[in-house]
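As provided, run-v7.csv (CSV, C-alpha atoms) reads as follows.
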chain,number,residue,atom,x,y,z
A,69,MET,CA,-47.6,-199.9,176.4
A,70,SER,CA,-50.0,-197.0,176.5
A,71,TYR,CA,-49.8,-193.3,175.9
A,72,ASN,CA,-51.1,-190.9,178.5
A,73,ARG,CA,-52.9,-187.9,177.2
A,74,SER,CA,-51.9,-185.6,180.0
A,75,ASN,CA,-50.5,-182.1,180.4
A,76,ILE,CA,-47.1,-183.3,181.7
A,77,GLY,CA,-44.5,-180.8,180.6
A,78,SER,CA,-47.0,-178.2,179.3
A,79,GLY,CA,-46.9,-174.6,180.5
A,80,TYR,CA,-45.2,-171.3,180.0
A,81,ARG,CA,-41.6,-170.5,179.2
A,82,SER,CA,-40.5,-166.9,179.1
A,83,VAL,CA,-37.5,-165.9,177.1
A,84,GLY,CA,-36.8,-162.2,176.6
A,85,ARG,CA,-39.8,-160.3,175.5
A,86,ASN,CA,-42.0,-163.2,174.6
A,87,THR,CA,-44.0,-165.8,176.6
A,88,PHE,CA,-44.7,-169.1,174.9
A,89,GLU,CA,-47.6,-171.4,176.0
A,90,PHE,CA,-46.8,-175.0,175.1
A,91,GLY,CA,-49.6,-177.4,174.4
A,92,ARG,CA,-50.4,-180.8,175.7
A,93,THR,CA,-47.7,-183.5,176.1
A,94,TYR,CA,-48.3,-187.1,175.2
A,95,VAL,CA,-46.3,-189.9,176.9
A,96,VAL,CA,-45.7,-193.3,175.4
A,97,ARG,CA,-44.5,-195.5,178.2
A,98,PRO,CA,-42.0,-198.5,177.7
A,99,LYS,CA,-43.4,-202.0,177.5
A,100,ALA,CA,-40.2,-203.5,179.0
A,101,THR,CA,-37.4,-202.2,181.2
A,102,HIS,CA,-37.0,-198.5,180.9
A,103,GLN,CA,-33.6,-197.8,179.4
A,104,ALA,CA,-34.0,-194.5,177.5
A,105,THR,CA,-36.2,-191.5,177.2
A,106,ILE,CA,-36.5,-189.6,173.9
A,107,VAL,CA,-38.4,-186.4,173.3
A,108,TRP,CA,-40.0,-186.6,169.9
A,109,LEU,CA,-40.8,-183.2,168.3
A,110,HIS,CA,-43.6,-182.9,165.7
A,111,GLY,CA,-43.6,-180.9,162.5
A,112,ILE,CA,-45.2,-177.5,162.0
A,113,GLY,CA,-49.0,-177.5,162.3
A,114,GLU,CA,-49.0,-180.8,164.1
A,115,THR,CA,-49.4,-181.7,167.8
A,116,GLY,CA,-47.8,-184.3,170.1
A,117,ALA,CA,-50.7,-186.6,169.4
A,118,SER,CA,-49.6,-186.7,165.7
A,119,TRP,CA,-46.7,-189.0,166.6
A,120,SER,CA,-47.5,-190.7,169.9
A,121,GLN,CA,-49.5,-193.6,168.5
A,122,PHE,CA,-47.0,-194.2,165.7
A,123,LEU,CA,-44.1,-194.3,168.1
A,124,GLU,CA,-46.0,-196.8,170.3
A,125,SER,CA,-45.9,-199.2,167.3
A,126,LEU,CA,-42.1,-199.2,167.0
A,127,PRO,CA,-40.1,-202.3,168.1
A,128,LEU,CA,-38.4,-200.4,170.8
A,129,PRO,CA,-39.9,-201.6,174.1
A,130,ASN,CA,-37.3,-200.0,176.4
A,131,ILE,CA,-37.8,-196.4,175.2
A,132,LYS,CA,-40.1,-193.9,176.9
A,133,TRP,CA,-41.3,-191.4,174.3
A,134,ILE,CA,-42.3,-187.9,175.3
A,135,CYS,CA,-44.3,-186.0,172.6
A,136,PRO,CA,-44.9,-182.4,173.5
A,137,THR,CA,-47.0,-179.9,171.5
A,138,ALA,CA,-45.4,-176.6,170.3
A,139,PRO,CA,-46.9,-173.2,171.0
A,140,THR,CA,-49.4,-171.7,168.6
A,141,ARG,CA,-47.8,-168.6,167.1
A,142,PRO,CA,-47.7,-166.5,163.9
A,143,VAL,CA,-45.3,-168.0,161.4
A,144,ALA,CA,-43.7,-165.6,158.9
A,145,LEU,CA,-43.2,-168.5,156.4
A,146,PHE,CA,-47.0,-168.8,156.3
A,147,GLY,CA,-47.6,-165.1,155.9
A,148,GLY,CA,-48.1,-164.6,159.6
A,149,HIS,CA,-50.9,-167.1,160.0
A,150,HIS,CA,-51.0,-168.9,163.3
A,151,SER,CA,-49.8,-172.5,163.6
A,152,THR,CA,-48.1,-174.8,166.1
A,153,ALA,CA,-44.4,-174.1,165.7
A,154,TRP,CA,-41.3,-174.5,167.8
A,155,PHE,CA,-40.0,-171.2,166.6
A,156,ASN,CA,-40.8,-168.6,164.0
A,157,VAL,CA,-39.2,-169.1,160.6
A,158,GLU,CA,-39.1,-166.8,157.6
A,159,GLU,CA,-37.4,-169.1,155.1
A,160,LEU,CA,-35.4,-172.3,155.0
A,161,SER,CA,-31.8,-171.1,154.6
A,162,ASP,CA,-28.5,-171.5,156.4
A,163,ASN,CA,-28.0,-167.7,156.0
A,164,VAL,CA,-31.1,-166.9,158.1
A,165,THR,CA,-30.6,-166.1,161.8
A,166,ASN,CA,-34.0,-167.5,162.8
A,167,ASP,CA,-36.0,-166.9,165.9
A,168,GLY,CA,-33.4,-167.2,168.7
A,169,GLU,CA,-35.9,-166.6,171.5
A,170,GLY,CA,-38.3,-169.2,170.2
A,171,LEU,CA,-35.5,-171.7,169.7
A,172,ASP,CA,-34.2,-171.3,173.2
A,173,ALA,CA,-37.7,-171.4,174.7
A,174,SER,CA,-38.4,-174.7,173.0
A,175,ALA,CA,-35.0,-176.1,173.8
A,176,THR,CA,-35.6,-175.2,177.4
A,177,HIS,CA,-39.0,-176.9,177.3
A,178,ILE,CA,-37.3,-180.1,176.0
A,179,VAL,CA,-34.7,-180.0,178.8
A,180,ASN,CA,-37.4,-179.6,181.4
A,181,MET,CA,-39.1,-182.7,180.2
A,182,LEU,CA,-35.9,-184.8,180.4
A,183,SER,CA,-34.3,-183.3,183.5
A,184,ASN,CA,-36.4,-185.5,185.9
A,185,GLU,CA,-35.3,-188.8,184.4
A,186,HIS,CA,-33.2,-191.1,186.6
A,187,ASP,CA,-29.4,-190.9,186.1
A,188,ASP,CA,-29.2,-194.4,184.6
A,189,ILE,CA,-31.7,-193.5,181.8
A,190,LYS,CA,-30.1,-192.4,178.5
A,191,LEU,CA,-31.6,-189.3,177.0
A,192,GLY,CA,-32.3,-188.3,173.4
A,193,VAL,CA,-34.1,-185.8,171.2
A,194,ALA,CA,-35.6,-186.5,167.8
A,195,GLY,CA,-38.1,-185.0,165.5
A,196,PHE,CA,-39.6,-184.5,162.0
A,197,SER,CA,-39.4,-181.4,159.8
A,198,MET,CA,-39.4,-178.4,162.2
A,199,GLY,CA,-39.1,-180.9,165.0
A,200,ALA,CA,-36.0,-182.2,163.4
A,201,ALA,CA,-34.6,-178.6,163.3
A,202,MET,CA,-35.2,-178.4,167.0
A,203,ALA,CA,-33.5,-181.7,167.6
A,204,LEU,CA,-30.4,-180.5,165.7
A,205,TYR,CA,-30.5,-177.2,167.5
A,206,SER,CA,-30.7,-179.0,170.9
A,207,ALA,CA,-27.6,-181.1,169.8
A,208,THR,CA,-25.6,-178.0,169.2
A,209,CYS,CA,-26.7,-176.6,172.5
A,210,ARG,CA,-25.6,-179.8,174.2
A,211,VAL,CA,-22.1,-179.7,172.7
A,212,LEU,CA,-21.7,-176.0,173.5
A,213,GLY,CA,-23.0,-176.5,177.1
A,214,GLN,CA,-25.3,-173.5,176.7
A,215,TYR,CA,-28.3,-172.2,174.8
A,216,GLY,CA,-28.0,-169.6,172.1
A,217,ASN,CA,-28.6,-166.9,174.7
A,218,GLY,CA,-25.7,-168.1,176.8
A,219,ASN,CA,-27.6,-169.7,179.6
A,220,ARG,CA,-26.2,-173.1,180.7
A,221,TYR,CA,-27.5,-176.2,179.0
A,222,PRO,CA,-27.9,-178.7,181.9
A,223,ILE,CA,-28.4,-182.2,180.5
A,224,ASN,CA,-26.4,-184.8,178.6
A,225,LEU,CA,-27.9,-186.0,175.4
A,226,SER,CA,-26.9,-189.5,174.2
A,227,VAL,CA,-28.4,-189.1,170.6
A,228,ALA,CA,-30.1,-186.7,168.3
A,229,VAL,CA,-32.3,-187.8,165.3
A,230,ALA,CA,-33.5,-185.5,162.6
A,231,LEU,CA,-36.0,-186.6,159.8
A,232,SER,CA,-36.7,-184.3,156.9
A,233,GLY,CA,-35.3,-181.2,158.7
A,234,TRP,CA,-32.5,-178.7,158.8
A,235,LEU,CA,-30.1,-177.0,161.3
A,236,PRO,CA,-31.4,-173.5,162.2
A,237,CYS,CA,-28.9,-170.7,162.9
A,238,SER,CA,-26.4,-173.1,161.4
A,239,ARG,CA,-23.5,-170.8,160.6
A,240,ILE,CA,-23.7,-169.0,164.0
A,241,MET,CA,-23.9,-172.3,166.0
A,242,ALA,CA,-21.2,-173.9,163.9
A,243,SER,CA,-18.8,-171.0,164.4
A,244,ARG,CA,-19.4,-171.2,168.2
A,245,VAL,CA,-18.7,-174.9,168.3
A,246,CYS,CA,-15.5,-174.4,166.3
A,247,ALA,CA,-14.3,-171.8,168.7
A,248,SER,CA,-14.4,-174.1,171.8
A,249,GLN,CA,-12.1,-177.1,172.3
A,250,GLU,CA,-14.5,-178.5,174.8
A,251,ALA,CA,-17.5,-178.1,172.4
A,252,ALA,CA,-15.5,-179.8,169.7
A,253,ARG,CA,-14.8,-182.7,172.0
A,254,ARG,CA,-18.4,-183.1,172.8
A,255,ALA,CA,-19.4,-182.8,169.2
A,256,ALA,CA,-17.1,-185.6,168.1
A,257,ALA,CA,-18.7,-187.9,170.7
A,258,LEU,CA,-22.4,-187.2,170.1
A,259,PRO,CA,-24.1,-189.6,167.7
A,260,VAL,CA,-26.5,-187.8,165.2
A,261,LEU,CA,-28.7,-189.5,162.6
A,262,ILE,CA,-30.1,-187.3,159.8
A,263,CYS,CA,-32.5,-188.8,157.3
A,264,HIS,CA,-34.1,-187.1,154.2
A,265,GLY,CA,-36.3,-188.1,151.3
A,266,GLN,CA,-34.8,-187.3,147.9
A,267,ALA,CA,-38.3,-186.3,146.7
A,268,ASP,CA,-39.1,-184.0,149.6
A,269,ASP,CA,-40.9,-181.0,148.2
A,270,VAL,CA,-41.4,-179.2,151.5
A,271,VAL,CA,-37.9,-179.2,153.0
A,272,ASP,CA,-35.6,-179.9,150.1
A,273,ARG,CA,-33.0,-182.5,150.5
A,274,LYS,CA,-30.3,-179.9,149.9
A,275,HIS,CA,-31.1,-178.4,153.4
A,276,GLY,CA,-30.4,-181.7,155.0
A,277,GLU,CA,-27.2,-182.1,153.0
A,278,LYS,CA,-26.1,-178.6,153.9
A,279,SER,CA,-26.8,-179.3,157.6
A,280,VAL,CA,-24.7,-182.4,157.5
A,281,GLU,CA,-21.9,-180.5,155.8
A,282,ILE,CA,-21.9,-177.7,158.4
A,283,LEU,CA,-22.1,-180.1,161.4
A,284,ARG,CA,-19.2,-182.2,160.1
A,285,SER,CA,-17.1,-179.2,159.4
A,286,SER,CA,-17.7,-178.0,163.0
A,287,GLY,CA,-16.5,-181.2,164.5
A,288,PHE,CA,-19.5,-183.6,164.6
A,289,GLN,CA,-17.8,-186.8,163.6
A,290,ASN,CA,-20.4,-189.4,164.5
A,291,ILE,CA,-23.0,-188.5,161.9
A,292,MET,CA,-25.0,-190.9,159.8
A,293,PHE,CA,-26.8,-189.4,156.8
A,294,CYS,CA,-29.4,-191.5,155.0
A,295,THR,CA,-31.4,-190.5,151.9
A,296,TYR,CA,-34.3,-192.4,150.4
A,297,ASN,CA,-35.3,-192.6,146.7
A,298,GLY,CA,-38.8,-191.4,146.0
A,299,LEU,CA,-39.5,-190.4,149.6
A,300,GLY,CA,-41.4,-187.1,150.1
A,301,HIS,CA,-42.0,-185.1,153.2
A,302,TYR,CA,-43.1,-188.1,155.3
A,303,THR,CA,-41.6,-191.3,156.7
A,304,SER,CA,-41.3,-194.7,155.2
A,305,PRO,CA,-41.0,-198.2,156.7
A,306,GLN,CA,-37.4,-198.4,155.6
A,307,GLU,CA,-36.5,-195.1,157.1
A,308,MET,CA,-38.1,-196.0,160.5
A,309,TYR,CA,-36.4,-199.4,160.4
A,310,ASP,CA,-33.1,-197.6,160.0
A,311,VAL,CA,-34.0,-195.2,162.9
A,312,CYS,CA,-34.8,-198.1,165.2
A,313,SER,CA,-31.7,-200.1,164.3
A,314,TRP,CA,-29.5,-197.0,164.8
A,315,LEU,CA,-31.0,-196.2,168.2
A,316,ILE,CA,-30.5,-199.8,169.4
A,317,ARG,CA,-26.8,-199.6,168.3
A,318,GLN,CA,-26.0,-196.1,169.5
A,319,MET,CA,-27.9,-196.2,172.9
A,320,GLY,CA,-27.1,-199.8,173.7
A,321,ILE,CA,-30.7,-200.7,174.4
A,322,ASN,CA,-32.8,-203.7,173.7
A,323,GLY,CA,-35.1,-204.0,170.7
A,324,TYR,CA,-37.2,-206.7,169.1
A,325,GLY,CA,-35.1,-208.7,166.7
A,326,ALA,CA,-31.9,-207.0,168.0

Written as structure tokens, that's how I'd like the structure from this file.
Amino acid sequence: MSYNRSNIGSGYRSVGRNTFEFGRTYVVRPKATHQATIVWLHGIGETGASWSQFLESLPLPNIKWICPTAPTRPVALFGGHHSTAWFNVEELSDNVTNDGEGLDASATHIVNMLSNEHDDIKLGVAGFSMGAAMALYSATCRVLGQYGNGNRYPINLSVAVALSGWLPCSRIMASRVCASQEAARRAAALPVLICHGQADDVVDRKHGEKSVEILRSSGFQNIMFCTYNGLGHYTSPQEMYDVCSWLIRQMGINGYGA
């Protein structure tokens, strides 16, 4: 398997008043038969390259990983300083509306990278920290069948994975899921894995717990929530073992030692 440092999937996405320029996308191609494609979303301040080499080392030879790079933008949480970020964030709280335009622009970018996959390829979205927030936002868009702005969400996600993250616009999105029987049906069927370190001093574990609570209360029934003693705002071998095992089970794909 090799990763291709190309500009696949990069470009501009215009939503409302703002135009977002996405960075370079890195692709990790499967070593064996291609069964699934997962977009992996990096954390704030990182790039797609931050994760591509690590994902290449995972015992999942049938997965193609797509690792895009977020736009560089001012981030209110950092006092307006510029950083790669999937959306603007002021604070980590389920009471904050968040940057709807930025969220939808990034969710659209993710869809564009998955929309050209063959019909027999299972699709997923995963991420770390702010990337995890985007993965969970994408999951809610999938079950609603539309983005936050009301435009149609056109693809079927098989899984969503969130490490050390949170659900943005949680109360708004949850209320919309609860208001639709079709969304509730899709929510019940979509497998979601949420992992969090108990010693995370960047995105506190309570944000992960609250996201799980809100998702479950809005109809997401197939959620696995894993916490790890002593784990900070990073991953561990045990956490990644759990991620790999869960993906093999939920997506019905092959894996080393499966």

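The list of residues within 6 Å of (-33.4, -191.9, 162.4), counted using all atoms listed in the file, is Val229, Leu261 and Val311 of chain A.
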
I need the residues from that last selection saved to file as a PDB file, keeping the file's coordinate frame (with C-alpha atoms), if you can.
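Listed below is the output, selection-v4.pdb:
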ATOM      1  CA  VAL A 229     -32.300-187.800 165.300  1.00  0.00           C
ATOM      2  CA  LEU A 261     -28.700-189.500 162.600  1.00  0.00           C
ATOM      3  CA  VAL A 311     -34.000-195.200 162.900  1.00  0.00           C
TER       4      VAL A 311
END

- Of the residues A:Cys237, A:Leu171, A:Ala257, A:Ile316, which is the one nearest to Glu159 in chain A, using only C-alpha atoms? A:Cys237

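Of the listed residues (A:Gly168, A:Gly195, A:Gly298, A:Pro222), A:Gly195 comes nearest to Leu109 in chain A; the distances count all atoms listed in the file.
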
Distance cut-off 10 Å, centre (-45.0, -177.5, 164.1) in file coordinates, counting all atoms listed in the file: which residues qualify? Return them as a CSV table (one decimal) with C-alpha atoms, keeping the file's coordinate frame.
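Ended up saving to out_32.csv:
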chain,number,residue,atom,x,y,z
A,109,LEU,CA,-40.8,-183.2,168.3
A,110,HIS,CA,-43.6,-182.9,165.7
A,111,GLY,CA,-43.6,-180.9,162.5
A,112,ILE,CA,-45.2,-177.5,162.0
A,113,GLY,CA,-49.0,-177.5,162.3
A,114,GLU,CA,-49.0,-180.8,164.1
A,115,THR,CA,-49.4,-181.7,167.8
A,116,GLY,CA,-47.8,-184.3,170.1
A,137,THR,CA,-47.0,-179.9,171.5
A,138,ALA,CA,-45.4,-176.6,170.3
A,139,PRO,CA,-46.9,-173.2,171.0
A,140,THR,CA,-49.4,-171.7,168.6
A,141,ARG,CA,-47.8,-168.6,167.1
A,143,VAL,CA,-45.3,-168.0,161.4
A,151,SER,CA,-49.8,-172.5,163.6
A,152,THR,CA,-48.1,-174.8,166.1
A,153,ALA,CA,-44.4,-174.1,165.7
A,154,TRP,CA,-41.3,-174.5,167.8
A,155,PHE,CA,-40.0,-171.2,166.6
A,156,ASN,CA,-40.8,-168.6,164.0
A,196,PHE,CA,-39.6,-184.5,162.0
A,197,SER,CA,-39.4,-181.4,159.8
A,198,MET,CA,-39.4,-178.4,162.2
A,199,GLY,CA,-39.1,-180.9,165.0

- At what distance in Å, to one decimal, does CA of Cys135 in chain A lie from CA of Leu315 in chain A? 17.3 Å

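Going from CA of Leu191 in chain A over to CA of Val260 in chain A, you cover 12.9 Å.
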
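Residues within 10 Å of Leu258 in chain A, counting only C-alpha atoms and excluding same-chain residues fewer than 3 positions away, are Ala207, Thr208, Arg210, Val211, Asn224, Leu225, Ser226, Val227, Ala228, Arg253, Arg254, Ala255, Phe288, Gln289, Asn290, Ile291 and Gln318 of chain A.
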
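Distance annotation: of A:Asn184, A:Thr93, A:Asn219, A:Ser286, the residue with the minimal separation from Trp119 in chain A is A:Thr93; atom set is all atoms listed in the file.
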
- Nearest residue to Gly265 in chain A from the set A:His177, A:His301, A:His149, A:His186 (distances using only C-alpha atoms): A:His301
